[in-house]
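Q: Below you'll find query00.cif; it's mmCIF, C-alpha atoms.
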data_model
#
loop_
_atom_site.group_PDB
_atom_site.id
_atom_site.type_symbol
_atom_site.label_atom_id
_atom_site.label_comp_id
_atom_site.auth_asym_id
_atom_site.auth_seq_id
_atom_site.Cartn_x
_atom_site.Cartn_y
_atom_site.Cartn_z
ATOM 1 C CA MET S 1 87.476 81.001 87.030
ATOM 2 C CA ALA S 2 83.805 80.867 87.718
ATOM 3 C CA ILE S 3 81.196 83.357 88.799
ATOM 4 C CA THR S 4 77.871 82.062 90.008
ATOM 5 C CA LEU S 5 75.063 84.618 90.178
ATOM 6 C CA VAL S 6 72.305 83.969 92.687
ATOM 7 C CA ASN S 7 68.972 85.494 93.711
ATOM 8 C CA PRO S 8 68.513 83.772 97.091
ATOM 9 C CA ASP S 9 65.122 82.935 98.541
ATOM 10 C CA GLY S 10 64.116 85.543 101.081
ATOM 11 C CA LEU S 11 65.475 88.474 99.037
ATOM 12 C CA PRO S 12 63.637 90.442 96.338
ATOM 13 C CA LYS S 13 64.111 89.078 92.823
ATOM 14 C CA ALA S 14 65.649 92.012 90.991
ATOM 15 C CA GLY S 15 65.145 91.674 87.255
ATOM 16 C CA VAL S 16 68.131 93.749 86.155
ATOM 17 C CA TYR S 17 70.787 92.250 88.441
ATOM 18 C CA ARG S 18 71.398 89.369 90.859
ATOM 19 C CA GLN S 19 71.677 89.822 94.619
ATOM 20 C CA VAL S 20 74.824 87.715 95.138
ATOM 21 C CA SER S 21 77.822 86.549 93.150
ATOM 22 C CA VAL S 22 80.246 83.851 94.189
ATOM 23 C CA ALA S 23 83.584 84.189 92.426
ATOM 24 C CA THR S 24 86.489 81.782 92.286
ATOM 25 C CA GLY S 25 89.760 82.687 90.644
ATOM 26 C CA SER S 26 93.156 84.060 91.443
ATOM 27 C CA LYS S 27 93.263 87.521 89.864
ATOM 28 C CA LEU S 28 91.105 90.484 90.858
ATOM 29 C CA VAL S 29 90.471 93.203 88.294
ATOM 30 C CA PHE S 30 89.341 96.636 89.466
ATOM 31 C CA VAL S 31 88.024 98.931 86.743
ATOM 32 C CA ALA S 32 88.035 102.602 87.690
ATOM 33 C CA GLY S 33 84.823 104.528 87.267
ATOM 34 C CA GLN S 34 84.026 104.924 83.578
ATOM 35 C CA VAL S 35 82.108 107.911 82.257
ATOM 36 C CA ALA S 36 80.627 109.205 78.999
ATOM 37 C CA ARG S 37 83.870 109.926 77.146
ATOM 38 C CA ASP S 38 84.963 108.170 73.975
ATOM 39 C CA GLY S 39 88.478 106.812 73.407
ATOM 40 C CA ASP S 40 89.696 110.294 72.420
ATOM 41 C CA GLY S 41 88.240 111.861 75.557
ATOM 42 C CA ASN S 42 85.335 113.513 73.719
ATOM 43 C CA ARG S 43 82.066 114.057 75.531
ATOM 44 C CA VAL S 44 79.257 111.636 74.628
ATOM 45 C CA GLY S 45 75.565 112.293 75.245
ATOM 46 C CA GLU S 46 75.591 115.666 76.950
ATOM 47 C CA GLY S 47 72.343 115.901 78.918
ATOM 48 C CA ASP S 48 71.240 112.399 77.786
ATOM 49 C CA LEU S 49 71.249 109.837 80.616
ATOM 50 C CA ALA S 50 70.670 106.862 78.284
ATOM 51 C CA ALA S 51 73.575 107.841 76.017
ATOM 52 C CA GLN S 52 75.871 108.447 78.972
ATOM 53 C CA ALA S 53 74.971 105.127 80.613
ATOM 54 C CA GLU S 54 75.563 103.349 77.308
ATOM 55 C CA GLN S 55 79.005 104.910 76.858
ATOM 56 C CA ALA S 56 80.036 104.244 80.462
ATOM 57 C CA TYR S 57 79.104 100.548 80.136
ATOM 58 C CA LEU S 58 80.874 100.325 76.758
ATOM 59 C CA ASN S 59 83.968 101.820 78.384
ATOM 60 C CA VAL S 60 83.808 99.222 81.161
ATOM 61 C CA GLY S 61 83.631 96.549 78.449
ATOM 62 C CA THR S 62 86.695 98.053 76.728
ATOM 63 C CA ALA S 63 88.638 98.142 79.998
ATOM 64 C CA LEU S 64 87.738 94.536 80.771
ATOM 65 C CA ALA S 65 88.689 93.337 77.274
ATOM 66 C CA ALA S 66 92.099 95.020 77.617
ATOM 67 C CA VAL S 67 92.980 92.581 80.414
ATOM 68 C CA GLY S 68 91.336 89.499 78.884
ATOM 69 C CA ALA S 69 88.065 89.813 80.789
ATOM 70 C CA SER S 70 84.423 90.431 79.933
ATOM 71 C CA PHE S 71 81.171 91.165 81.732
ATOM 72 C CA ASP S 72 80.958 87.400 82.362
ATOM 73 C CA ASP S 73 83.874 87.876 84.772
ATOM 74 C CA VAL S 74 82.346 90.800 86.678
ATOM 75 C CA ALA S 75 81.520 90.030 90.298
ATOM 76 C CA LYS S 76 80.213 93.516 91.230
ATOM 77 C CA LEU S 77 79.230 96.806 89.597
ATOM 78 C CA THR S 78 78.800 100.166 91.285
ATOM 79 C CA VAL S 79 76.926 102.874 89.409
ATOM 80 C CA TYR S 80 76.820 106.533 90.389
ATOM 81 C CA VAL S 81 74.072 108.740 88.904
ATOM 82 C CA VAL S 82 73.828 112.488 89.424
ATOM 83 C CA ASP S 83 70.571 113.703 90.987
ATOM 84 C CA TRP S 84 69.060 110.206 90.914
ATOM 85 C CA THR S 85 65.302 109.811 91.125
ATOM 86 C CA PRO S 86 63.364 106.613 90.346
ATOM 87 C CA ASP S 87 61.767 108.203 87.257
ATOM 88 C CA LYS S 88 65.232 108.127 85.631
ATOM 89 C CA MET S 89 65.315 104.309 85.688
ATOM 90 C CA PRO S 90 63.791 103.800 82.180
ATOM 91 C CA ALA S 91 66.403 106.055 80.526
ATOM 92 C CA PHE S 92 69.215 104.445 82.511
ATOM 93 C CA LEU S 93 68.058 100.923 81.599
ATOM 94 C CA GLU S 94 67.688 101.939 77.953
ATOM 95 C CA GLY S 95 71.352 102.934 77.864
ATOM 96 C CA VAL S 96 72.459 99.776 79.668
ATOM 97 C CA GLY S 97 70.381 97.700 77.247
ATOM 98 C CA ARG S 98 71.941 99.349 74.197
ATOM 99 C CA ALA S 99 75.445 98.767 75.580
ATOM 100 C CA ALA S 100 74.612 95.151 76.417
ATOM 101 C CA ALA S 101 73.357 94.566 72.867
ATOM 102 C CA LYS S 102 76.525 96.070 71.366
ATOM 103 C CA LEU S 103 78.720 94.006 73.702
ATOM 104 C CA GLY S 104 76.656 90.833 73.289
ATOM 105 C CA VAL S 105 76.274 90.422 77.060
ATOM 106 C CA THR S 106 73.693 90.485 79.806
ATOM 107 C CA PRO S 107 75.331 92.559 82.573
ATOM 108 C CA VAL S 108 73.495 91.245 85.647
ATOM 109 C CA PRO S 109 76.115 90.875 88.403
ATOM 110 C CA PRO S 110 75.257 92.324 91.788
ATOM 111 C CA ALA S 111 75.081 96.078 91.364
ATOM 112 C CA THR S 112 74.663 99.084 93.576
ATOM 113 C CA LEU S 113 73.215 102.304 92.179
ATOM 114 C CA VAL S 114 74.118 105.384 94.206
ATOM 115 C CA GLY S 115 72.582 108.801 93.687
ATOM 116 C CA VAL S 116 75.206 111.538 93.989
ATOM 117 C CA ALA S 117 75.167 115.334 93.900
ATOM 118 C CA ALA S 118 77.905 115.567 91.255
ATOM 119 C CA LEU S 119 80.708 113.704 89.522
ATOM 120 C CA ALA S 120 84.210 114.918 88.621
ATOM 121 C CA GLU S 121 83.008 117.169 85.788
ATOM 122 C CA PRO S 122 79.732 119.095 85.563
ATOM 123 C CA ASP S 123 78.526 117.495 82.307
ATOM 124 C CA LEU S 124 78.854 113.919 83.607
ATOM 125 C CA MET S 125 75.639 112.183 84.665
ATOM 126 C CA VAL S 126 76.730 108.570 85.241
ATOM 127 C CA GLU S 127 79.863 106.675 86.268
ATOM 128 C CA VAL S 128 80.274 102.890 86.379
ATOM 129 C CA GLU S 129 83.012 100.900 88.125
ATOM 130 C CA ALA S 130 83.518 97.149 88.093
ATOM 131 C CA THR S 131 85.280 94.389 89.993
ATOM 132 C CA ALA S 132 86.031 91.214 88.046
ATOM 133 C CA VAL S 133 87.708 87.911 88.869
ATOM 134 C CA LEU S 134 89.994 85.943 86.521
ATOM 135 C CA ASP S 135 92.062 82.779 86.797
#
Once more with this new file: its structure as structure tokens, please.
A:
Amino acid sequence: MAITLVNPDGLPKAGVYRQVSVATGSKLVFVAGQVARDGDGNRVGEGDLAAQAEQAYLNVGTALAAVGASFDDVAKLTVYVVDWTPDKMPAFLEGVGRAAAKLGVTPVPPATLVGVAALAEPDLMVEVEATAVLD
């Protein structure tokens, strides 16, 4: 399995993700949207975007590890943030950075951030889903 991440000429060079990934392998892994709940289902970081982003990314890492994958195998991330505005980016990136440090990874696959009105429960601020490719 191999994933090649590319920032092609002619597209903006995003610092926190790559524009394109090329994946080869034979098994697709789809991780359902992960939110700010710990392994026991307890709320994490109520009202704290950084804490919720961190927990959601850690949960993605846990889900990937359960099937023998890691962020190195992720071809695409989709992130949903409630009431998104650009001024929330520093807090969001802080949480992603903390999760990346704990996981020992640099999660930079192509990613789409979507602002939404609400998630499944009123206290949730961020949800992260992933698609990975394995041999």
Q: Region 18-31 of chain S: which residues within 12 Å, counting all atoms listed in the file, same-chain residues fewer than 3 positions away excluded, as a count of residues only?
A: 55
Q: Please report the interatomic distance between CA of Ala91 (chain S) and CA of Val79 (chain S) in Å with one decimal.
A: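 Spanning CA of Ala91 (chain S) to CA of Val79 (chain S) is a straight-line distance of 14.1 Å.
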Q: The PyMOL selection byres ((chain S and resi 47) around 9) on the file shown: which residues, as a PyMOL selection string?
A: chain S and resi 45-46+48-49+51-52+123-125
Q: How many Å lie between CA of Asp38 (chain S) and CA of Ala120 (chain S), rounded to one decimal?
A: 16.1 Å
Q: Considering all atoms listed in the file, return as a PDB file with C-alpha atoms, in the frame of the given file whatever protein or nucleic-acid residues lie within 8 Å of Gln55 (chain S), sequence-local ones (same chain, fewer than 6 positions apart) excluded.
A:
ATOM      1  CA  VAL S  35      82.108 107.911  82.257  1.00  0.00           C
ATOM      2  CA  ALA S  36      80.627 109.205  78.999  1.00  0.00           C
ATOM      3  CA  ARG S  37      83.870 109.926  77.146  1.00  0.00           C
ATOM      4  CA  ASP S  38      84.963 108.170  73.975  1.00  0.00           C
ATOM      5  CA  VAL S  44      79.257 111.636  74.628  1.00  0.00           C
ATOM      6  CA  GLY S  95      71.352 102.934  77.864  1.00  0.00           C
ATOM      7  CA  ALA S  99      75.445  98.767  75.580  1.00  0.00           C
TER       8      ALA S  99
END
Q: So how many Å separate CA of Leu93 (chain S) and CA of Glu54 (chain S), to one decimal?
A: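 CA of Glu54 (chain S) lies 9.0 Å from CA of Leu93 (chain S).
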Q: Write out as a ChimeraX atom specification the residues lying within 6 Å of Asp83 (chain S), counting all atoms listed in the file and excluding same-chain residues fewer than 2 positions away.
A: /S:115-117
Q: Could you write out that same residue set with C-alpha atoms as a CSV table (one decimal), in the frame of the given file?
A:
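Output file again_21.csv follows:
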chain,number,residue,atom,x,y,z
S,115,GLY,CA,72.6,108.8,93.7
S,116,VAL,CA,75.2,111.5,94.0
S,117,ALA,CA,75.2,115.3,93.9
Q: Calculated over only C-alpha atoms, which of the candidates S:Ala118, S:Ala32, S:Val82, S:Met89 has the smallest distance to Ala50 (chain S)?
A: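 For Ala50 (chain S), the nearest of the given residues is S:Met89.
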Q: For Ala53 (chain S), which of S:Leu103, S:Val81, S:Leu113, S:Val96 is the closest residue, counting only C-alpha atoms?
A: S:Val96
